[in-house]
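Here is the structure we will look at.
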Amino acid sequence: MNEAENAENKVVKIDSQRKAKPSRNDGALTDKSQGNPPSLRSLRVEAEIYAISRTLEYTGWNRRRAAQLLSISYRGILYKIRQHNLSPRPRGQEESGGQILKADSQS
């Protein structure tokens, strides 16, 4: 074999090895239906949303006070509210999200 054939065989061998390894962008690795654990980033975002929304509810949506309690700037909390599309709940909506059962009184 000459040098060109050796180089070509090496390239083919390396290329076939690359195809055999799954990449991070491969759908099988990121599919949540496969039972894979959530990423650190998604957990951080969920925790951030939870902390901000709970603090806003606690302060009655006083954003300045919520920012102080969370030790972030006022502009920072405004940015996070827009980023996560947070909005106040309608008045009278139950916090736990459970249904309220009413008994029908038929006379």
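In the structure tokens, the first chain shown is A, the next is B, and so on; residue numbers restart at 1 for each chain, and ligands run from 1 in the order shown.
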Q. So which residues touch Leu78 (chain A) within 10 Å, counting only C-alpha atoms, skipping near sequence neighbours fewer than 4 positions away, as a ChimeraX atom specification?
A. /A:63-64,67,73-74,82-83,86
Residues from last step as file, C-alpha atoms, as a CSV table (one decimal), in the first residue's frame:
```csv
chain,number,residue,atom,x,y,z
A,63,ARG,CA,-41.2,43.7,42.7
A,64,ARG,CA,-38.8,46.0,44.5
A,67,ALA,CA,-35.8,41.8,44.6
A,73,SER,CA,-31.3,44.2,41.6
A,74,TYR,CA,-34.7,45.6,40.7
A,82,ARG,CA,-40.1,38.9,31.4
A,83,GLN,CA,-37.7,36.1,30.6
A,86,LEU,CA,-44.4,35.3,34.9
```
Q.
Could you list, as a VMD selection string, every residue within 10 Å of Leu69 (chain A), counting only C-alpha atoms and ignoring same-chain residues fewer than 3 positions away?
A. chain A and resid 52 55 to 56 59 63 to 66 72
Take the residues that were just selected and, keeping N, CA and C atoms, output them as a PDB file, in the first residue's frame.
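Now in out_7.pdb:
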```
ATOM      1  N   ILE A  52     -38.596  33.012  42.433  1.00  0.00           N
ATOM      2  CA  ILE A  52     -39.098  34.341  42.064  1.00  0.00           C
ATOM      3  C   ILE A  52     -40.607  34.411  42.190  1.00  0.00           C
ATOM      4  N   THR A  55     -41.702  34.401  45.881  1.00  0.00           N
ATOM      5  CA  THR A  55     -41.363  35.665  46.532  1.00  0.00           C
ATOM      6  C   THR A  55     -42.296  36.773  46.065  1.00  0.00           C
ATOM      7  N   LEU A  56     -42.628  36.788  44.790  1.00  0.00           N
ATOM      8  CA  LEU A  56     -43.565  37.793  44.277  1.00  0.00           C
ATOM      9  C   LEU A  56     -44.949  37.607  44.907  1.00  0.00           C
ATOM     10  N   THR A  59     -44.842  38.897  48.499  1.00  0.00           N
ATOM     11  CA  THR A  59     -44.812  40.357  48.612  1.00  0.00           C
ATOM     12  C   THR A  59     -46.006  41.022  47.950  1.00  0.00           C
ATOM     13  N   ARG A  63     -42.418  44.188  43.335  1.00  0.00           N
ATOM     14  CA  ARG A  63     -41.186  43.724  42.695  1.00  0.00           C
ATOM     15  C   ARG A  63     -39.930  44.250  43.378  1.00  0.00           C
ATOM     16  N   ARG A  64     -39.989  45.478  43.874  1.00  0.00           N
ATOM     17  CA  ARG A  64     -38.819  46.045  44.545  1.00  0.00           C
ATOM     18  C   ARG A  64     -38.511  45.260  45.830  1.00  0.00           C
ATOM     19  N   ARG A  65     -39.539  44.964  46.595  1.00  0.00           N
ATOM     20  CA  ARG A  65     -39.349  44.202  47.838  1.00  0.00           C
ATOM     21  C   ARG A  65     -38.909  42.772  47.534  1.00  0.00           C
ATOM     22  N   ALA A  66     -39.484  42.160  46.506  1.00  0.00           N
ATOM     23  CA  ALA A  66     -39.099  40.800  46.121  1.00  0.00           C
ATOM     24  C   ALA A  66     -37.632  40.760  45.703  1.00  0.00           C
ATOM     25  N   ILE A  72     -31.244  40.442  44.595  1.00  0.00           N
ATOM     26  CA  ILE A  72     -30.922  40.780  43.211  1.00  0.00           C
ATOM     27  C   ILE A  72     -31.393  42.202  42.959  1.00  0.00           C
TER      28      ILE A  72
END
```
Q | Straight-line distance linking CA of Ile77 (chain A) with CA of Arg89 (chain A), stated in Å to one decimal | A | 17.5 Å
Q) For Asn85 (chain A), which residue among A:Gln68, A:Asn62, A:Ile49, A:Asn36 is the nearest when counting only C-alpha atoms? A) A:Ile49
Q) Between A:Leu70, A:Val45, A:Gly35, A:Gly60, which has the minimum distance to Pro90 (chain A) (counting only C-alpha atoms)? A)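 Of A:Leu70, A:Val45, A:Gly35, A:Gly60, the one nearest Pro90 (chain A), counting only C-alpha atoms, is A:Gly60.
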